[in-house]
Amino acid sequence: MNAVINGPTHTAVTGDTIQVPAGTCTWTSQLSITVGITLIGSGTPNDLPSEMGSGTLNTTITDNYASTSGPMINAKVPNGQTLRISTLLIQPNSSSTQLYSPIDVIGTCNGGGCPNLRIDNIEFSGWSSSNGNQATWYMRIDGMYGVVDHITVPSGSGLSNSLANIHYSSWLGVGSYGDNSWAQPDNYGAASQLYFENLSLTNSVFDCDEAPSGGSLGGCRATIRFSQFVFGSNQSSNAITFTHGSESGGRMRGSRQLEIYGNTATCNVSGGCVSAAVGMRSGVSLTFGNAFSGSFFGNIVSLVDYRTFAPRPSNYFQPWNNCDGTSGYDNNDGGGTTSTVYYTGTYTGSTGSTTFVDANQQWANAFGSASWASAASANGNPYSIHNVTQGFGGEIGSASGSNITFYTAPGGSPNHPICNWATQAACTWTNGDTYQILRASVCFDQPSRSGGALLSSLTPATGWSGEVLDPTYEWMDTVSGSLGHGVIEGYTAKLIANRDFYMESKNQAAQTSATSPFNGTSGTGHGTLAFRPASCTTGVGYFATDQGNWNQSGNSFGQGQLFTCASTNNWALAYTPYSYPHPLIAGGTGGTGGNPVAPPTNLTTTVQ
């Protein structure tokens with residue numbers, strides 16, 4: 001195949017269509033693509049919005065490029081060009097062959113945008129965790145706009161895998177690590193992101209923590225819509241998506257923006273699936289119109305900031321470190337590295353304990369009331385206790401007598417700092433440890449924040465970047481069965497309802513009047529524009545189901561636009577979803593036009 005794309009048989013040019021013949025072919029070397037072409041197998045692809053997953057696939061590619069450092073298909077695409085990869089069944093050589101993600105795509109972005117991508121009608125079959133950690137994601141993508149559609153991952157394949165790992169490391173060609181993606185505004189409903197639609201999966205869609213081979217990572221922006229998920233009995237770790245934040249990946253910036261709508265997800269796991277159908281460790285999101293069934297998910301959306309409760313004395317979260325008032329990157333009381341120290345003392349409890357005690361202090365006397373800590377948490381501005389001797393810290397949940405209790409997240413865990421990430425082992429105190437009480441009002445890149453100054457260099461200058469509140473919204477989701485916790489929950493006391501996130505109650509009905517069930521004072525609502533409340537509290541949202549004309553599929557979802565309350569009693573249009581189906585599916589530049597090239601000959605084929 002390299003000979004057909006890179007010579008001497010043929011040298012591909014922009015717009016070429018390279019047809020891969022029917023049959024099963026084992027690839028033992030890497031295929032390099034450096035221009036925007038269509039690489040398409042034999043079969044009948046699905047293109048309609050009513051069709052979920054891949055169509056009829058007559059071309060099977062067996063990945064025997066036995067490398068854990070590079071993909072079987074390695075594509076690098078200049079801006080202004082479009083790459084399509086289509087109509088292939090991709091399988092590993094065996095369930096234990098050590099491999100890498102089979103497809104990598106890296107786009108060259110500039111001030112005019114990024115190149116376009118369509119990956120469609122692919123089935124990833126036969127993959128397992130025994131193919132190695134580097135094969136955990138089927139695709140790794142950086143710097144590409146476009147769509148991934150009509151993909152199938154059948155039951156029993158790659159149960160712990162995700163479909164893709166995506167990034168915008170150099171948004172608009174500026175910077176690296178995803179810094180500019182974070183600094184630039186939201187682009188909800190725009191063409192300038194990657195869309196995932198009409199998928200039929202038994203695993204998660206994407207994460208954003210591993211770079212393509214030869215590429216970079218950070219700052220992902222993506223939409224998952226109108227797809228179906230079925231999580232089986234041994235897939236309790238799966239969700240629609242669960243994204244990394246700016247923490248355990250080091251210098252890279254975490255997920256920047258998500259839209260999740262129109263999907264169906266069934267959890268067939270005894271005891272329930274993971275903590276949330278949509279898990280976010282940074283950034284902003286809109287989640288709406290999804291249908292969840294089967295055993296419960298913990299939440300529809302969880303907002304987690306690992307730096308508040310999972311620090312390590314070995315500075316695991318470099319360069320950002322712990323969000324406990326000691327990191328110069330957070331918005332700390334007092335500012336930067338000169339944070340206000342509210343109290344300094346000595347731990348007097350037993351060595352090896354996870355329970356904090358200072359027998360020399362009665363917290364009610366120190367702060368006037370034993371409820372000082374919980375009151376601060378209720379206002380979204382909790383204090384933290386930092387172990388100066390060992391270098392760990394965590395949010396305070398409450399205080400009583402001589403004891404301080406760490407923040408307890410929904411579900412009862414964690415209620416103490418975690419010092420060993422691999423084993424989730426708690427940090428323990430040693431008699432005589434010195435501690436401080438400080439406060440970080442906002443963590444760097446925490447969920448429901450965006451913007452801020454453009455960072456640069458491997459170790460950016462410290463100082464609060466000035467990120468602004470950018471709330472997360474949820475509406476119109478349905479749940480048949482229970483939720484383990486709430487619709488949206490913040491797994492840090494810094495995230496509170498009706499400031500950092502706005503949501504409907506579970507299975508909230510459409511409006512029957514301008515005041516019911518949503519009256520405009522808190523949360524979100526949905527219904528016709530005529531039933532939108534006349535009055536509103538700043539920040540709340542309302543999805544007008546009879547507005548817009550973006551959904552051209554004819555499905556039962558209908559239309560809709562999100563209005564938010566920009567100021568008291570002042571509604572403003574905030575969001576219109578992007579055209580569906582994606583234009584690249586409906587005959588755009590991602591189609592099969594161009595200069596057709598005859599199927600290659602003299603291929604080594606293994607008949608199965």
# chains A, B, ... in the order shown; residues from 1 in each chain; ligands from 1
>>> residues_around(residues="Ser567 (chain A)", least_positions_apart="6", cutoff="9 Å", atoms="only C-alpha atoms", output="NGL selection string")
:A and (536-539)
>>> write_last_selection(atoms="N, CA and C atoms", output="short mmCIF file (atom, residue, chain, number, x, y, z; two decimals), in the first residue's frame")
data_model
loop_
_atom_site.label_atom_id
_atom_site.label_comp_id
_atom_site.auth_asym_id
_atom_site.auth_seq_id
_atom_site.Cartn_x
_atom_site.Cartn_y
_atom_site.Cartn_z
N CYS A 536 -35.88 35.86 35.01
CA CYS A 536 -34.80 34.87 35.16
C CYS A 536 -33.70 35.41 36.05
N THR A 537 -33.01 34.49 36.69
CA THR A 537 -31.84 34.81 37.51
C THR A 537 -30.59 34.61 36.66
N THR A 538 -29.66 35.52 36.75
CA THR A 538 -28.45 35.46 35.94
C THR A 538 -27.81 34.07 35.99
N GLY A 539 -27.54 33.52 34.81
CA GLY A 539 -26.85 32.23 34.70
C GLY A 539 -27.72 31.06 34.32
#
>>> select_by_dssp(residues="region 140-308 of chain A", states="strand (DSSP E or B)", output="count of residues only")
66
>>> atom_distance(atom1="CA of Asn110 (chain A)", atom2="CA of Leu172 (chain A)")
4.6 Å
>>> atom_distance(atom1="CA of Gln91 (chain A)", atom2="CA of Thr243 (chain A)")
25.6 Å
>>> closest_residue(among="A:Val540, A:Cys109, A:Ala461, A:Val479", to="Phe563 (chain A)", atoms="only C-alpha atoms")
A:Val540
>>> residues_around(residues="Phe229 (chain A)", least_positions_apart="6", cutoff="9 Å", atoms="only C-alpha atoms", output="list in words")
Leu199, Ser200, Leu201, Thr202, Asn203, Ser204, Ala239, Ile240, Asn263, Thr264, Ala265, Thr266 and Cys267 of chain A
>>> closest_residue(among="A:Gly7, A:Gly249, A:Gly272, A:Pro577", to="Gln561 (chain A)", atoms="only C-alpha atoms")
A:Pro577
>>> residues_around(residues="Tyr100 (chain A)", least_positions_apart="4", cutoff="7 Å", atoms="only C-alpha atoms", output="JSON, numbers by chain")
{"A": [67, 68, 69, 70, 71, 134, 135]}
>>> write_last_selection(atoms="N, CA and C atoms", output="compact mmCIF listing (two decimals), in the first residue's frame")
# COMPACT_ATOMS: atom_id res chain seq x y z
N SER A 67 4.53 -2.90 16.88
CA SER A 67 5.28 -1.80 17.49
C SER A 67 4.44 -1.16 18.57
N THR A 68 5.06 -0.83 19.67
CA THR A 68 4.35 -0.10 20.72
C THR A 68 4.72 1.38 20.70
N SER A 69 5.41 1.82 19.65
CA SER A 69 5.82 3.22 19.57
C SER A 69 5.26 3.95 18.35
N GLY A 70 4.49 3.24 17.51
CA GLY A 70 3.94 3.90 16.35
C GLY A 70 2.76 3.16 15.78
N PRO A 71 1.88 3.86 15.02
CA PRO A 71 0.64 3.28 14.51
C PRO A 71 0.83 2.55 13.19
N GLN A 134 -0.40 0.76 24.98
CA GLN A 134 -0.32 1.72 23.89
C GLN A 134 -1.43 1.52 22.86
N ALA A 135 -2.10 0.36 22.91
CA ALA A 135 -3.22 0.10 22.00
C ALA A 135 -4.56 0.36 22.67
>>> residues_around(residues="Pro92 (chain A)", least_positions_apart="6", cutoff="7 Å", atoms="only C-alpha atoms", output="MDAnalysis selection string")
chainID A and resid 62:64 126:127
>>> decode(residues="region 232-385 of chain A", atoms="C-alpha atoms", output="compact mmCIF listing (two decimals), in the first residue's frame")
# COMPACT_ATOMS: atom_id res chain seq x y z
CA GLY A 232 -21.90 -5.11 29.10
CA SER A 233 -21.54 -7.00 32.36
CA ASN A 234 -17.73 -6.74 32.41
CA GLN A 235 -17.50 -3.10 31.33
CA SER A 236 -18.10 -1.25 34.57
CA SER A 237 -15.25 1.19 33.82
CA ASN A 238 -16.88 2.61 30.69
CA ALA A 239 -18.92 5.76 30.08
CA ILE A 240 -19.75 7.91 27.07
CA THR A 241 -16.57 9.83 27.79
CA PHE A 242 -14.31 10.56 30.74
CA THR A 243 -11.67 13.19 30.07
CA HIS A 244 -8.38 13.97 31.78
CA GLY A 245 -7.69 17.36 33.29
CA SER A 246 -4.58 19.49 33.68
CA GLU A 247 -2.98 17.23 36.26
CA SER A 248 -1.66 13.68 35.90
CA GLY A 249 -0.56 14.18 32.28
CA GLY A 250 2.02 16.73 33.37
CA ARG A 251 2.45 19.92 31.34
CA MET A 252 -0.41 19.14 28.91
CA ARG A 253 -3.69 21.01 29.39
CA GLY A 254 -6.81 18.96 29.97
CA SER A 255 -10.12 18.75 28.16
CA ARG A 256 -11.30 22.20 27.10
CA GLN A 257 -14.85 21.76 25.73
CA LEU A 258 -17.46 19.02 25.27
CA GLU A 259 -20.94 18.76 23.75
CA ILE A 260 -22.83 15.51 24.46
CA TYR A 261 -26.36 15.18 23.04
CA GLY A 262 -28.90 12.89 21.42
CA ASN A 263 -27.17 9.68 22.50
CA THR A 264 -28.56 6.48 24.03
CA ALA A 265 -26.54 4.64 26.66
CA THR A 266 -27.47 1.37 28.35
CA CYS A 267 -25.58 0.12 31.38
CA ASN A 268 -25.95 -3.64 31.79
CA VAL A 269 -23.50 -3.83 34.67
CA SER A 270 -24.67 -5.34 37.94
CA GLY A 271 -24.15 -2.61 40.52
CA GLY A 272 -23.93 0.13 37.93
CA CYS A 273 -21.37 1.71 35.59
CA VAL A 274 -18.71 4.28 36.42
CA SER A 275 -19.26 7.42 38.45
CA ALA A 276 -20.77 9.33 35.52
CA ALA A 277 -21.92 8.93 31.94
CA VAL A 278 -19.88 12.08 31.19
CA GLY A 279 -16.85 12.59 33.40
CA MET A 280 -14.94 15.88 33.25
CA ARG A 281 -11.72 16.69 35.07
CA SER A 282 -11.41 20.15 33.49
CA GLY A 283 -13.11 22.47 31.04
CA VAL A 284 -16.72 23.17 30.11
CA SER A 285 -19.59 21.16 28.67
CA LEU A 286 -23.17 21.06 27.42
CA THR A 287 -25.00 17.75 27.95
CA PHE A 288 -28.61 17.34 26.83
CA GLY A 289 -31.23 15.14 25.24
CA ASN A 290 -29.55 11.81 26.04
CA ALA A 291 -31.40 8.68 27.14
CA PHE A 292 -29.86 6.51 29.86
CA SER A 293 -31.22 3.09 30.77
CA GLY A 294 -30.34 -0.12 32.58
CA SER A 295 -28.36 -0.15 35.82
CA PHE A 296 -27.47 3.26 37.18
CA PHE A 297 -24.63 5.59 36.41
CA GLY A 298 -23.37 7.58 39.38
CA ASN A 299 -24.17 10.92 37.72
CA ILE A 300 -25.08 12.12 34.29
CA VAL A 301 -22.15 14.55 34.56
CA SER A 302 -19.39 14.58 37.16
CA LEU A 303 -17.05 17.53 37.62
CA VAL A 304 -13.82 16.44 39.28
CA ASP A 305 -10.60 18.27 40.06
CA TYR A 306 -8.01 15.69 41.04
CA ARG A 307 -5.54 18.28 42.31
CA THR A 308 -7.83 18.99 45.26
CA PHE A 309 -7.82 15.46 46.70
CA ALA A 310 -5.19 13.32 44.99
CA PRO A 311 -1.83 14.99 45.53
CA ARG A 312 1.42 13.11 45.99
CA PRO A 313 4.49 14.20 47.95
CA SER A 314 6.57 13.31 44.85
CA ASN A 315 4.86 16.18 42.98
CA TYR A 316 2.91 13.90 40.66
CA PHE A 317 0.98 16.82 39.19
CA GLN A 318 3.98 18.75 37.91
CA PRO A 319 4.19 21.57 37.13
CA TRP A 320 0.78 22.49 38.57
CA ASN A 321 1.14 20.66 41.94
CA ASN A 322 -1.55 20.51 44.62
CA CYS A 323 -4.56 22.82 44.65
CA ASP A 324 -4.46 23.50 48.39
CA GLY A 325 -3.30 27.10 48.51
CA THR A 326 0.37 26.34 47.83
CA SER A 327 0.53 26.30 44.02
CA GLY A 328 1.33 29.59 42.33
CA TYR A 329 -0.92 28.66 39.37
CA ASP A 330 -4.18 28.72 41.37
CA ASN A 331 -6.30 31.66 42.48
CA ASN A 332 -5.22 31.61 46.12
CA ASP A 333 -6.25 33.88 48.95
CA GLY A 334 -3.43 36.39 49.15
CA GLY A 335 -2.34 35.62 45.59
CA GLY A 336 0.31 33.42 44.03
CA THR A 337 2.95 31.90 46.28
CA THR A 338 2.22 34.45 49.03
CA SER A 339 -1.04 32.79 50.00
CA THR A 340 -2.74 33.80 53.21
CA VAL A 341 -1.89 31.39 56.01
CA TYR A 342 -4.93 31.28 58.28
CA TYR A 343 -3.37 29.03 60.89
CA THR A 344 -0.17 27.08 61.54
CA GLY A 345 0.09 24.18 63.98
CA THR A 346 1.43 20.73 64.72
CA TYR A 347 -0.28 17.40 64.21
CA THR A 348 -0.58 15.60 67.54
CA GLY A 349 -2.28 12.35 66.56
CA SER A 350 -0.94 8.86 65.98
CA THR A 351 1.70 8.25 63.33
CA GLY A 352 0.24 6.44 60.32
CA SER A 353 -3.30 7.77 60.79
CA THR A 354 -5.43 9.34 58.07
CA THR A 355 -7.46 11.26 60.66
CA PHE A 356 -6.26 14.79 61.39
CA VAL A 357 -6.10 15.99 64.99
CA ASP A 358 -4.39 18.84 66.81
CA ALA A 359 -5.06 18.45 70.53
CA ASN A 360 -3.77 21.98 71.11
CA GLN A 361 -6.59 23.48 69.08
CA GLN A 362 -10.33 23.67 69.58
CA TRP A 363 -11.58 24.74 66.19
CA ALA A 364 -14.75 26.35 67.54
CA ASN A 365 -12.60 28.71 69.63
CA ALA A 366 -10.19 29.43 66.77
CA PHE A 367 -12.84 30.48 64.28
CA GLY A 368 -15.80 31.37 66.43
CA SER A 369 -17.91 28.39 65.34
CA ALA A 370 -17.31 24.71 64.71
CA SER A 371 -19.17 25.14 61.42
CA TRP A 372 -16.67 27.56 59.87
CA ALA A 373 -15.33 24.97 57.45
CA SER A 374 -18.66 23.64 56.25
CA ALA A 375 -20.02 27.18 55.83
CA ALA A 376 -17.09 28.09 53.58
CA SER A 377 -17.62 24.92 51.55
CA ALA A 378 -21.31 25.70 51.09
CA ASN A 379 -20.30 29.01 49.50
CA GLY A 380 -17.93 27.28 47.08
CA ASN A 381 -14.82 28.67 48.76
CA PRO A 382 -13.44 25.96 51.07
CA TYR A 383 -10.23 26.03 53.06
CA SER A 384 -7.51 23.40 52.75
CA ILE A 385 -5.07 21.88 55.18
